[in-house]
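Pasted below: query-v2.pdb, PDB, C-alpha atoms, pLDDT in the B column.
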```pdb
ATOM      1  CA  MET A   1      -3.097  19.281  32.520  1.00 83.00           C
ATOM      2  CA  LEU A   2      -1.170  16.034  32.195  1.00 83.00           C
ATOM      3  CA  LEU A   3       1.520  17.767  30.161  1.00 85.00           C
ATOM      4  CA  ARG A   4       1.932  20.470  32.810  1.00 91.00           C
ATOM      5  CA  LYS A   5       2.250  17.860  35.542  1.00 88.00           C
ATOM      6  CA  TYR A   6       4.814  15.976  33.478  1.00 87.00           C
ATOM      7  CA  ARG A   7       6.864  19.113  32.928  1.00 92.00           C
ATOM      8  CA  ARG A   8       6.858  19.794  36.672  1.00 93.00           C
ATOM      9  CA  GLY A   9       8.356  16.351  37.188  1.00 92.00           C
ATOM     10  CA  GLU A  10       5.321  14.932  38.950  1.00 92.00           C
ATOM     11  CA  THR A  11       4.734  11.192  38.883  1.00 90.00           C
ATOM     12  CA  MET A  12       1.318  10.377  37.460  1.00 85.00           C
ATOM     13  CA  GLU A  13      -0.811   7.286  37.763  1.00 86.00           C
ATOM     14  CA  ILE A  14      -3.502   6.668  35.164  1.00 85.00           C
ATOM     15  CA  HIS A  15      -6.333   4.185  35.592  1.00 87.00           C
ATOM     16  CA  LEU A  16      -7.938   2.848  32.404  1.00 85.00           C
ATOM     17  CA  GLU A  17     -11.111   0.824  32.114  1.00 86.00           C
ATOM     18  CA  MET A  18     -11.464  -0.943  28.764  1.00 81.00           C
ATOM     19  CA  ALA A  19     -14.670  -2.558  27.592  1.00 82.00           C
ATOM     20  CA  ASP A  20     -13.328  -4.417  24.556  1.00 78.00           C
ATOM     21  CA  ARG A  21     -13.799  -8.158  24.325  1.00 82.00           C
ATOM     22  CA  PRO A  22     -13.048 -10.910  21.807  1.00 82.00           C
ATOM     23  CA  MET A  23     -15.880 -11.618  19.383  1.00 86.00           C
ATOM     24  CA  GLU A  24     -16.733 -14.576  17.202  1.00 90.00           C
ATOM     25  CA  PRO A  25     -15.116 -14.534  13.735  1.00 87.00           C
ATOM     26  CA  VAL A  26     -17.222 -13.239  10.856  1.00 90.00           C
ATOM     27  CA  ILE A  27     -16.828 -13.598   7.100  1.00 94.00           C
ATOM     28  CA  SER A  28     -15.078 -10.737   5.333  1.00 95.00           C
ATOM     29  CA  ARG A  29     -13.526 -10.507   1.893  1.00 97.00           C
ATOM     30  CA  ASN A  30     -10.799  -8.802  -0.077  1.00 99.00           C
ATOM     31  CA  THR A  31     -12.081  -6.627  -2.923  1.00 99.00           C
ATOM     32  CA  ILE A  32     -10.294  -7.180  -6.235  1.00 99.00           C
ATOM     33  CA  GLY A  33     -10.316  -5.468  -9.625  1.00 98.00           C
ATOM     34  CA  GLU A  34      -8.098  -5.949 -12.673  1.00 98.00           C
ATOM     35  CA  LEU A  35      -6.834  -4.221 -15.772  1.00 98.00           C
ATOM     36  CA  ILE A  36      -6.042  -7.224 -17.953  1.00 98.00           C
ATOM     37  CA  GLY A  37      -2.664  -7.196 -19.665  1.00 98.00           C
ATOM     38  CA  THR A  38      -2.141  -7.602 -23.394  1.00 98.00           C
ATOM     39  CA  ASN A  39       0.504 -10.346 -23.193  1.00 97.00           C
ATOM     40  CA  TYR A  40       0.158 -11.843 -19.715  1.00 95.00           C
ATOM     41  CA  THR A  41      -3.235 -12.257 -18.083  1.00 92.00           C
ATOM     42  CA  ASN A  42      -2.942 -14.480 -15.010  1.00 92.00           C
ATOM     43  CA  THR A  43       0.857 -14.617 -14.775  1.00 96.00           C
ATOM     44  CA  SER A  44       3.453 -11.975 -13.886  1.00 97.00           C
ATOM     45  CA  VAL A  45       0.738  -9.848 -12.245  1.00 99.00           C
ATOM     46  CA  VAL A  46       1.511  -6.423 -10.764  1.00 99.00           C
ATOM     47  CA  VAL A  47      -0.468  -5.799  -7.568  1.00 99.00           C
ATOM     48  CA  VAL A  48      -1.483  -2.353  -6.297  1.00 99.00           C
ATOM     49  CA  SER A  49      -3.123  -2.330  -2.892  1.00 99.00           C
ATOM     50  CA  GLY A  50      -4.370  -0.723   0.302  1.00 99.00           C
ATOM     51  CA  HIS A  51      -6.692  -1.957   3.040  1.00 98.00           C
ATOM     52  CA  LEU A  52     -10.414  -1.266   3.463  1.00 97.00           C
ATOM     53  CA  ASP A  53     -10.893  -1.910   7.178  1.00 96.00           C
ATOM     54  CA  SER A  54     -10.178   0.703   9.853  1.00 95.00           C
ATOM     55  CA  TRP A  55     -10.471   1.371  13.560  1.00 93.00           C
ATOM     56  CA  ASP A  56     -14.006   2.338  14.523  1.00 88.00           C
ATOM     57  CA  VAL A  57     -13.188   5.590  16.327  1.00 91.00           C
ATOM     58  CA  GLY A  58     -12.739   7.481  13.050  1.00 93.00           C
ATOM     59  CA  VAL A  59     -13.855   6.816   9.484  1.00 96.00           C
ATOM     60  CA  GLY A  60     -10.469   5.541   8.296  1.00 97.00           C
ATOM     61  CA  ALA A  61     -10.038   8.130   5.552  1.00 98.00           C
ATOM     62  CA  MET A  62      -6.275   8.250   6.057  1.00 98.00           C
ATOM     63  CA  ASP A  63      -5.735   4.710   7.363  1.00 98.00           C
ATOM     64  CA  ASP A  64      -6.326   3.396   4.878  1.00 98.00           C
ATOM     65  CA  GLY A  65      -9.079   4.850   2.733  1.00 98.00           C
ATOM     66  CA  GLY A  66      -6.568   6.917   0.771  1.00 98.00           C
ATOM     67  CA  GLY A  67      -4.357   3.925  -0.009  1.00 99.00           C
ATOM     68  CA  ALA A  68      -7.319   1.820  -1.088  1.00 99.00           C
ATOM     69  CA  MET A  69      -8.714   4.648  -3.206  1.00 98.00           C
ATOM     70  CA  ILE A  70      -5.517   5.384  -5.136  1.00 99.00           C
ATOM     71  CA  SER A  71      -5.123   1.669  -5.919  1.00 99.00           C
ATOM     72  CA  TRP A  72      -8.655   1.479  -7.309  1.00 98.00           C
ATOM     73  CA  LYS A  73      -8.437   4.790  -9.184  1.00 98.00           C
ATOM     74  CA  ALA A  74      -5.075   3.899 -10.723  1.00 98.00           C
ATOM     75  CA  LEU A  75      -6.844   1.169 -12.677  1.00 98.00           C
ATOM     76  CA  THR A  76      -9.860   3.292 -13.606  1.00 98.00           C
ATOM     77  CA  PHE A  77      -7.669   6.129 -14.886  1.00 98.00           C
ATOM     78  CA  LEU A  78      -5.457   3.817 -16.946  1.00 99.00           C
ATOM     79  CA  LYS A  79      -8.565   2.224 -18.431  1.00 98.00           C
ATOM     80  CA  ALA A  80     -10.091   5.634 -19.195  1.00 98.00           C
ATOM     81  CA  MET A  81      -6.920   6.606 -21.073  1.00 98.00           C
ATOM     82  CA  GLY A  82      -6.997   3.380 -23.081  1.00 98.00           C
ATOM     83  CA  LEU A  83      -3.683   2.186 -21.638  1.00 98.00           C
ATOM     84  CA  ARG A  84      -3.140  -1.558 -21.313  1.00 98.00           C
ATOM     85  CA  PRO A  85       0.305  -2.771 -20.264  1.00 98.00           C
ATOM     86  CA  ARG A  86       1.818  -6.152 -21.112  1.00 98.00           C
ATOM     87  CA  ARG A  87       0.971  -7.511 -17.665  1.00 98.00           C
ATOM     88  CA  THR A  88      -2.245  -7.460 -15.693  1.00 98.00           C
ATOM     89  CA  ILE A  89      -2.466  -4.852 -12.933  1.00 99.00           C
ATOM     90  CA  ARG A  90      -4.544  -6.194 -10.055  1.00 99.00           C
ATOM     91  CA  ALA A  91      -5.941  -3.870  -7.399  1.00 99.00           C
ATOM     92  CA  ILE A  92      -6.453  -5.651  -4.083  1.00 99.00           C
ATOM     93  CA  LEU A  93      -8.249  -3.841  -1.280  1.00 99.00           C
ATOM     94  CA  TRP A  94      -7.338  -5.943   1.722  1.00 99.00           C
ATOM     95  CA  THR A  95      -9.678  -6.810   4.561  1.00 98.00           C
ATOM     96  CA  GLY A  96      -8.725  -7.502   8.172  1.00 96.00           C
ATOM     97  CA  GLU A  97      -5.419  -5.630   8.097  1.00 97.00           C
ATOM     98  CA  GLU A  98      -5.913  -3.919  11.438  1.00 96.00           C
ATOM     99  CA  GLU A  99      -6.863  -7.167  13.164  1.00 91.00           C
ATOM    100  CA  GLY A 100      -3.809  -9.089  11.992  1.00 94.00           C
ATOM    101  CA  LEU A 101      -3.174  -8.894   8.217  1.00 97.00           C
ATOM    102  CA  TYR A 102      -5.843 -11.550   7.706  1.00 97.00           C
ATOM    103  CA  GLY A 103      -6.815 -10.538   4.173  1.00 98.00           C
ATOM    104  CA  GLY A 104      -3.231 -10.743   2.976  1.00 98.00           C
ATOM    105  CA  ALA A 105      -2.657 -14.041   4.753  1.00 98.00           C
ATOM    106  CA  ALA A 106      -5.766 -15.606   3.225  1.00 98.00           C
ATOM    107  CA  TYR A 107      -4.819 -14.379  -0.249  1.00 98.00           C
ATOM    108  CA  LYS A 108      -1.304 -15.746   0.099  1.00 98.00           C
ATOM    109  CA  GLU A 109      -2.654 -19.130   1.164  1.00 98.00           C
ATOM    110  CA  ALA A 110      -5.122 -19.235  -1.743  1.00 98.00           C
ATOM    111  CA  HIS A 111      -2.411 -18.445  -4.313  1.00 98.00           C
ATOM    112  CA  LYS A 112       0.647 -20.166  -2.854  1.00 96.00           C
ATOM    113  CA  SER A 113       0.865 -23.038  -5.359  1.00 95.00           C
ATOM    114  CA  GLN A 114       1.682 -20.788  -8.333  1.00 95.00           C
ATOM    115  CA  GLU A 115       2.763 -17.582  -6.596  1.00 97.00           C
ATOM    116  CA  GLU A 116       6.240 -17.302  -8.101  1.00 96.00           C
ATOM    117  CA  LYS A 117       4.770 -17.573 -11.589  1.00 97.00           C
ATOM    118  CA  GLU A 118       1.657 -15.522 -10.835  1.00 98.00           C
ATOM    119  CA  PHE A 119       3.137 -12.418  -9.185  1.00 98.00           C
ATOM    120  CA  ASN A 120       5.686  -9.989 -10.590  1.00 98.00           C
ATOM    121  CA  PHE A 121       5.589  -7.009  -8.209  1.00 99.00           C
ATOM    122  CA  PHE A 122       3.621  -5.693  -5.214  1.00 99.00           C
ATOM    123  CA  PHE A 123       2.675  -2.100  -4.376  1.00 99.00           C
ATOM    124  CA  GLU A 124       1.003  -1.093  -1.117  1.00 99.00           C
ATOM    125  CA  SER A 125      -0.012   2.330   0.205  1.00 99.00           C
ATOM    126  CA  ASP A 126      -0.643   2.299   3.970  1.00 98.00           C
ATOM    127  CA  ILE A 127       1.302   5.191   5.445  1.00 97.00           C
ATOM    128  CA  GLY A 128      -0.750   8.150   4.250  1.00 98.00           C
ATOM    129  CA  THR A 129      -1.655   9.821   0.968  1.00 99.00           C
ATOM    130  CA  PHE A 130      -0.286  13.270   1.617  1.00 99.00           C
ATOM    131  CA  GLU A 131       1.835  15.059  -1.009  1.00 99.00           C
ATOM    132  CA  PRO A 132       3.901  12.332  -2.725  1.00 99.00           C
ATOM    133  CA  ARG A 133       7.693  12.371  -2.490  1.00 99.00           C
ATOM    134  CA  GLY A 134       8.550   9.194  -4.380  1.00 99.00           C
ATOM    135  CA  LEU A 135       8.636   5.468  -3.686  1.00 98.00           C
ATOM    136  CA  ASP A 136      10.443   3.164  -1.344  1.00 97.00           C
ATOM    137  CA  PHE A 137      11.529  -0.296  -2.419  1.00 98.00           C
ATOM    138  CA  VAL A 138      12.238  -3.807  -1.224  1.00 98.00           C
ATOM    139  CA  GLY A 139      13.845  -6.451  -3.432  1.00 98.00           C
ATOM    140  CA  ASN A 140      17.144  -7.785  -4.710  1.00 98.00           C
ATOM    141  CA  ALA A 141      19.944  -5.704  -6.238  1.00 98.00           C
ATOM    142  CA  ASP A 142      18.923  -6.344  -9.851  1.00 98.00           C
ATOM    143  CA  ALA A 143      15.319  -5.307  -9.223  1.00 98.00           C
ATOM    144  CA  GLU A 144      16.541  -2.253  -7.333  1.00 98.00           C
ATOM    145  CA  CYS A 145      18.523  -1.083 -10.370  1.00 98.00           C
ATOM    146  CA  VAL A 146      15.409  -1.305 -12.524  1.00 98.00           C
ATOM    147  CA  PHE A 147      13.158   0.396  -9.993  1.00 98.00           C
ATOM    148  CA  ARG A 148      15.555   3.288  -9.414  1.00 98.00           C
ATOM    149  CA  GLU A 149      15.198   4.155 -13.096  1.00 98.00           C
ATOM    150  CA  ILE A 150      11.406   3.912 -12.874  1.00 99.00           C
ATOM    151  CA  VAL A 151      11.290   6.363  -9.969  1.00 99.00           C
ATOM    152  CA  LYS A 152      13.259   8.898 -12.029  1.00 99.00           C
ATOM    153  CA  LEU A 153      10.318   8.982 -14.448  1.00 99.00           C
ATOM    154  CA  MET A 154       8.175  10.587 -11.725  1.00 99.00           C
ATOM    155  CA  ALA A 155       9.971  13.938 -12.136  1.00 99.00           C
ATOM    156  CA  PRO A 156       6.858  15.693 -13.557  1.00 98.00           C
ATOM    157  CA  LEU A 157       5.197  14.993 -10.189  1.00 98.00           C
ATOM    158  CA  ASN A 158       8.286  16.141  -8.265  1.00 98.00           C
ATOM    159  CA  ALA A 159       8.279  12.692  -6.678  1.00 99.00           C
ATOM    160  CA  THR A 160      11.660  11.138  -7.429  1.00 99.00           C
ATOM    161  CA  GLU A 161      12.848  10.241  -3.930  1.00 99.00           C
ATOM    162  CA  PHE A 162      13.936   6.635  -3.524  1.00 98.00           C
ATOM    163  CA  GLU A 163      14.437   4.767  -0.262  1.00 98.00           C
ATOM    164  CA  THR A 164      15.526   1.223   0.477  1.00 97.00           C
ATOM    165  CA  PRO A 165      15.483  -1.135   2.306  1.00 91.00           C
ATOM    166  CA  THR A 166      11.905  -1.297   3.567  1.00 89.00           C
ATOM    167  CA  ASP A 167       9.221  -3.948   4.003  1.00 83.00           C
ATOM    168  CA  GLY A 168       7.034  -2.358   1.318  1.00 90.00           C
ATOM    169  CA  GLY A 169       3.902  -2.462   3.441  1.00 95.00           C
ATOM    170  CA  PRO A 170       2.155  -4.648   6.028  1.00 97.00           C
ATOM    171  CA  ASP A 171      -0.122  -6.756   3.831  1.00 98.00           C
ATOM    172  CA  ILE A 172       2.385  -7.321   1.053  1.00 98.00           C
ATOM    173  CA  SER A 173       5.010  -8.329   3.608  1.00 98.00           C
ATOM    174  CA  HIS A 174       3.578 -11.848   3.189  1.00 98.00           C
ATOM    175  CA  TRP A 175       5.500 -11.778  -0.111  1.00 98.00           C
ATOM    176  CA  THR A 176       8.206  -9.120   0.172  1.00 98.00           C
ATOM    177  CA  THR A 177       9.795 -10.721   3.246  1.00 97.00           C
ATOM    178  CA  ARG A 178      10.314 -13.837   1.124  1.00 97.00           C
ATOM    179  CA  GLY A 179      12.016 -12.234  -1.860  1.00 97.00           C
ATOM    180  CA  PHE A 180       9.254 -10.744  -4.015  1.00 98.00           C
ATOM    181  CA  PRO A 181       9.982  -7.129  -5.001  1.00 98.00           C
ATOM    182  CA  GLY A 182       7.638  -4.425  -3.777  1.00 98.00           C
ATOM    183  CA  ALA A 183       7.192  -0.734  -3.116  1.00 98.00           C
ATOM    184  CA  SER A 184       5.306   1.704  -0.932  1.00 98.00           C
ATOM    185  CA  LEU A 185       4.286   5.326  -1.365  1.00 98.00           C
ATOM    186  CA  LEU A 186       6.677   7.898   0.061  1.00 98.00           C
ATOM    187  CA  ASN A 187       4.739  11.012   1.023  1.00 98.00           C
ATOM    188  CA  LYS A 188       5.003  14.037   3.286  1.00 98.00           C
ATOM    189  CA  ASN A 189       3.315  12.238   6.148  1.00 97.00           C
ATOM    190  CA  GLU A 190       4.897  13.990   9.122  1.00 97.00           C
ATOM    191  CA  LYS A 191       1.398  14.458  10.589  1.00 96.00           C
ATOM    192  CA  TYR A 192       0.341  10.850  10.032  1.00 97.00           C
ATOM    193  CA  PHE A 193       0.464   9.893  13.694  1.00 96.00           C
ATOM    194  CA  TRP A 194      -1.545  12.950  14.683  1.00 95.00           C
ATOM    195  CA  PHE A 195      -4.568  11.107  13.287  1.00 97.00           C
ATOM    196  CA  HIS A 196      -3.537   7.441  13.253  1.00 96.00           C
ATOM    197  CA  HIS A 197      -6.121   5.115  14.882  1.00 95.00           C
ATOM    198  CA  SER A 198      -8.003   8.075  16.345  1.00 95.00           C
ATOM    199  CA  ALA A 199     -11.287   9.944  16.039  1.00 95.00           C
ATOM    200  CA  GLY A 200      -9.349  12.501  14.005  1.00 97.00           C
ATOM    201  CA  ASP A 201      -8.986  10.127  11.045  1.00 97.00           C
ATOM    202  CA  THR A 202     -11.726  11.746   8.958  1.00 97.00           C
ATOM    203  CA  MET A 203     -12.074  13.084   5.430  1.00 97.00           C
ATOM    204  CA  ALA A 204     -10.754  16.438   6.665  1.00 97.00           C
ATOM    205  CA  VAL A 205      -7.264  14.879   6.721  1.00 98.00           C
ATOM    206  CA  GLU A 206      -7.309  14.222   2.975  1.00 98.00           C
ATOM    207  CA  ASP A 207      -6.406  16.907   0.444  1.00 98.00           C
ATOM    208  CA  PRO A 208      -7.963  16.316  -3.010  1.00 98.00           C
ATOM    209  CA  LYS A 209      -4.984  17.786  -4.883  1.00 98.00           C
ATOM    210  CA  ASN A 210      -2.539  15.549  -3.055  1.00 98.00           C
ATOM    211  CA  LEU A 211      -4.774  12.543  -3.660  1.00 98.00           C
ATOM    212  CA  ASP A 212      -4.753  13.327  -7.383  1.00 98.00           C
ATOM    213  CA  LYS A 213      -0.948  13.444  -7.338  1.00 99.00           C
ATOM    214  CA  CYS A 214      -0.774  10.153  -5.438  1.00 99.00           C
ATOM    215  CA  VAL A 215      -3.092   8.483  -7.951  1.00 99.00           C
ATOM    216  CA  ALA A 216      -0.978   9.792 -10.823  1.00 99.00           C
ATOM    217  CA  LEU A 217       2.226   8.436  -9.280  1.00 99.00           C
ATOM    218  CA  TRP A 218       0.611   5.104  -8.362  1.00 99.00           C
ATOM    219  CA  ALA A 219      -0.857   4.604 -11.828  1.00 99.00           C
ATOM    220  CA  ALA A 220       2.331   5.643 -13.629  1.00 99.00           C
ATOM    221  CA  ALA A 221       4.633   3.445 -11.549  1.00 99.00           C
ATOM    222  CA  ALA A 222       2.342   0.423 -11.794  1.00 99.00           C
ATOM    223  CA  TYR A 223       1.965   0.871 -15.541  1.00 99.00           C
ATOM    224  CA  VAL A 224       5.718   1.088 -16.156  1.00 99.00           C
ATOM    225  CA  VAL A 225       6.425  -2.023 -14.065  1.00 99.00           C
ATOM    226  CA  ALA A 226       3.599  -3.896 -15.777  1.00 99.00           C
ATOM    227  CA  ASP A 227       4.767  -2.896 -19.257  1.00 99.00           C
ATOM    228  CA  LEU A 228       8.459  -3.764 -18.874  1.00 98.00           C
ATOM    229  CA  SER A 229       9.895  -6.100 -21.483  1.00 97.00           C
ATOM    230  CA  ILE A 230      11.381  -8.152 -18.629  1.00 96.00           C
ATOM    231  CA  SER A 231       9.933  -9.496 -15.403  1.00 96.00           C
ATOM    232  CA  MET A 232      11.187  -7.933 -12.198  1.00 98.00           C
ATOM    233  CA  PRO A 233      14.073 -10.032 -10.832  1.00 97.00           C
ATOM    234  CA  LYS A 234      13.293 -11.849  -7.581  1.00 97.00           C
ATOM    235  CA  ASP A 235      14.817 -14.407  -5.221  1.00 96.00           C
ATOM    236  CA  VAL A 236      11.807 -16.157  -3.718  1.00 96.00           C
ATOM    237  CA  MET A 237      12.009 -18.261  -0.579  1.00 92.00           C
ATOM    238  CA  PRO A 238       9.251 -20.633   0.631  1.00 87.00           C
TER     239      PRO A 238
END
```
Starting from the file, lay out its structure as structure tokens.
Amino acid sequence: MLLRKYRRGETMEIHLEMADRPMEPVISRNTIGELIGTNYTNTSVVVVSGHLDSWDVGVGAMDDGGGAMISWKALTFLKAMGLRPRRTIRAILWTGEEEGLYGGAAYKEAHKSQEEKEFNFFFESDIGTFEPRGLDFVGNADAECVFREIVKLMAPLNATEFETPTDGGPDISHWTTRGFPGASLLNKNEKYFWFHHSAGDTMAVEDPKNLDKCVALWAAAAYVVADLSISMPKDVMP
């Protein structure tokens, strides 16, 4: 009805009544798992991530259950295959992203004293886990050269597209906007905003075959970065 009125050129007035209200803060936590590296354990860490919280109207399967799941499963699959890279891969499932990136902010604050030594690279998936196309990238020119070659290795998944510049993802922007290199999942997410922050964000949005492909890409890319003989170049600002 509203669309028909709009097409006829009618001016519409909409009255909304909203019952939301600010609540007292509650304790919430990031969820963290690790695949410990062979050479570096608590330094030069590669982070893979997504966020666990979601808007209450749906179940958050797409935003961001898929991103959290592929970050967790990347570690479990690498472990199951007996693969341990030089560097630790740390899966962080952020809390409080929808309310204001609170999980990322708290983690940054807790690790700020040694962050340049501790972190090597950040991955975040928070724009859908549909059929993967490749990876986007944020970082300096030297790191970009390295990462372009890594993306080429994803040819068996038909996921070799590369895009830059980008912010890498909302939670990891606490680091990538200051010079740490990072990446986000490129996927065929044209329908993402059909379901975003709505009651339609249910498990029906997720396709198991595409999720498997996303996990494979996520695990492969994280492993290659974590097993490089060099650290990813970065130009870190305070």
Selection as number ranges by chain: residues within 9 Å of (6.4, 5.3, 3.1), counting only C-alpha atoms
A: 125-128, 134-136, 163, 166, 168-169, 183-189
Kindly indicate which residue among A:Gly58, A:Pro25, A:Leu35, A:Ala110 lies nearest to Ala80 of chain A, using only C-alpha atoms for the distances.
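Comparing A:Gly58, A:Pro25, A:Leu35, A:Ala110 against Ala80 of chain A, the winner is A:Leu35.
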Which residues are close to Asp167 of chain A, i.e. within 7 Å by only C-alpha atoms, leaving aside same-chain residues fewer than 5 positions away? Reply as a ChimeraX atom specification.
/A:138,173,176-177
Could you pull the residues within 9 Å of segment 89-105 of chain A, counting only C-alpha atoms, minus those fewer than 4 positions along the same chain, as an MDAnalysis selection string?
chainID A and resid 28:37 45:55 67:69 71:72 74:75 85 109:110 170:174 222:223 226
Could you list, as a list in words, every residue matched by the PyMOL selection byres ((chain A and resi 207) around 12) in this structure?
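In the shown coordinates, the PyMOL selection byres ((chain A and resi 207) around 12) covers Ala61, Met62, Gly66, Gly128, Thr129, Phe130, Glu131, Pro132, Thr202, Met203, Ala204, Val205, Glu206, Pro208, Lys209, Asn210, Leu211, Asp212, Lys213 and Cys214 of chain A.
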Closest to Lys234 of chain A among A:Ser198, A:Ser44, A:Thr11, A:Ser113, using only C-alpha atoms?
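For Lys234 of chain A, the nearest of the given residues is A:Ser44.
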How many Å separate atom CA of Thr76 of chain A from atom CA of Lys108 of chain A?
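If I compute the distance from atom CA of Thr76 of chain A to atom CA of Lys108 of chain A, I get 25.0 Å.
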Chain and number of each residue from the PyMOL selection byres ((chain A and resi 161) around 6), as a PyMOL selection string:
chain A and resi 133-134+159-160+162
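Note that atom CA of Glu124 of chain A and atom CA of Phe77 of chain A are 17.8 Å apart.
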Just how far from atom CA of Lys152 of chain A is atom CA of Gly82 of chain A, in Å to one decimal?
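Between these atoms lies a distance of 23.7 Å.
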Go through A:His196, A:Asp201, A:Asp63, A:Ile150 and flag the residue nearest Leu217 of chain A, using all atoms listed in the file for the distances.
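Smallest distance to Leu217 of chain A is found for A:Ile150.
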Between A:His15, A:Arg8, A:Lys79, A:Lys117, which has the minimum distance to Thr41 of chain A (counting only C-alpha atoms)?
A:Lys117
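In this comparison, which uses all atoms listed in the file, the residue of A:Val236, A:Ala199, A:Met1, A:Leu228 approaching Asn39 of chain A most closely is A:Leu228.
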Measuring between all atoms listed in the file, which one of A:Thr164, A:Met237, A:Glu149, A:Gly179 shows the shortest distance to Val224 of chain A?
A:Glu149
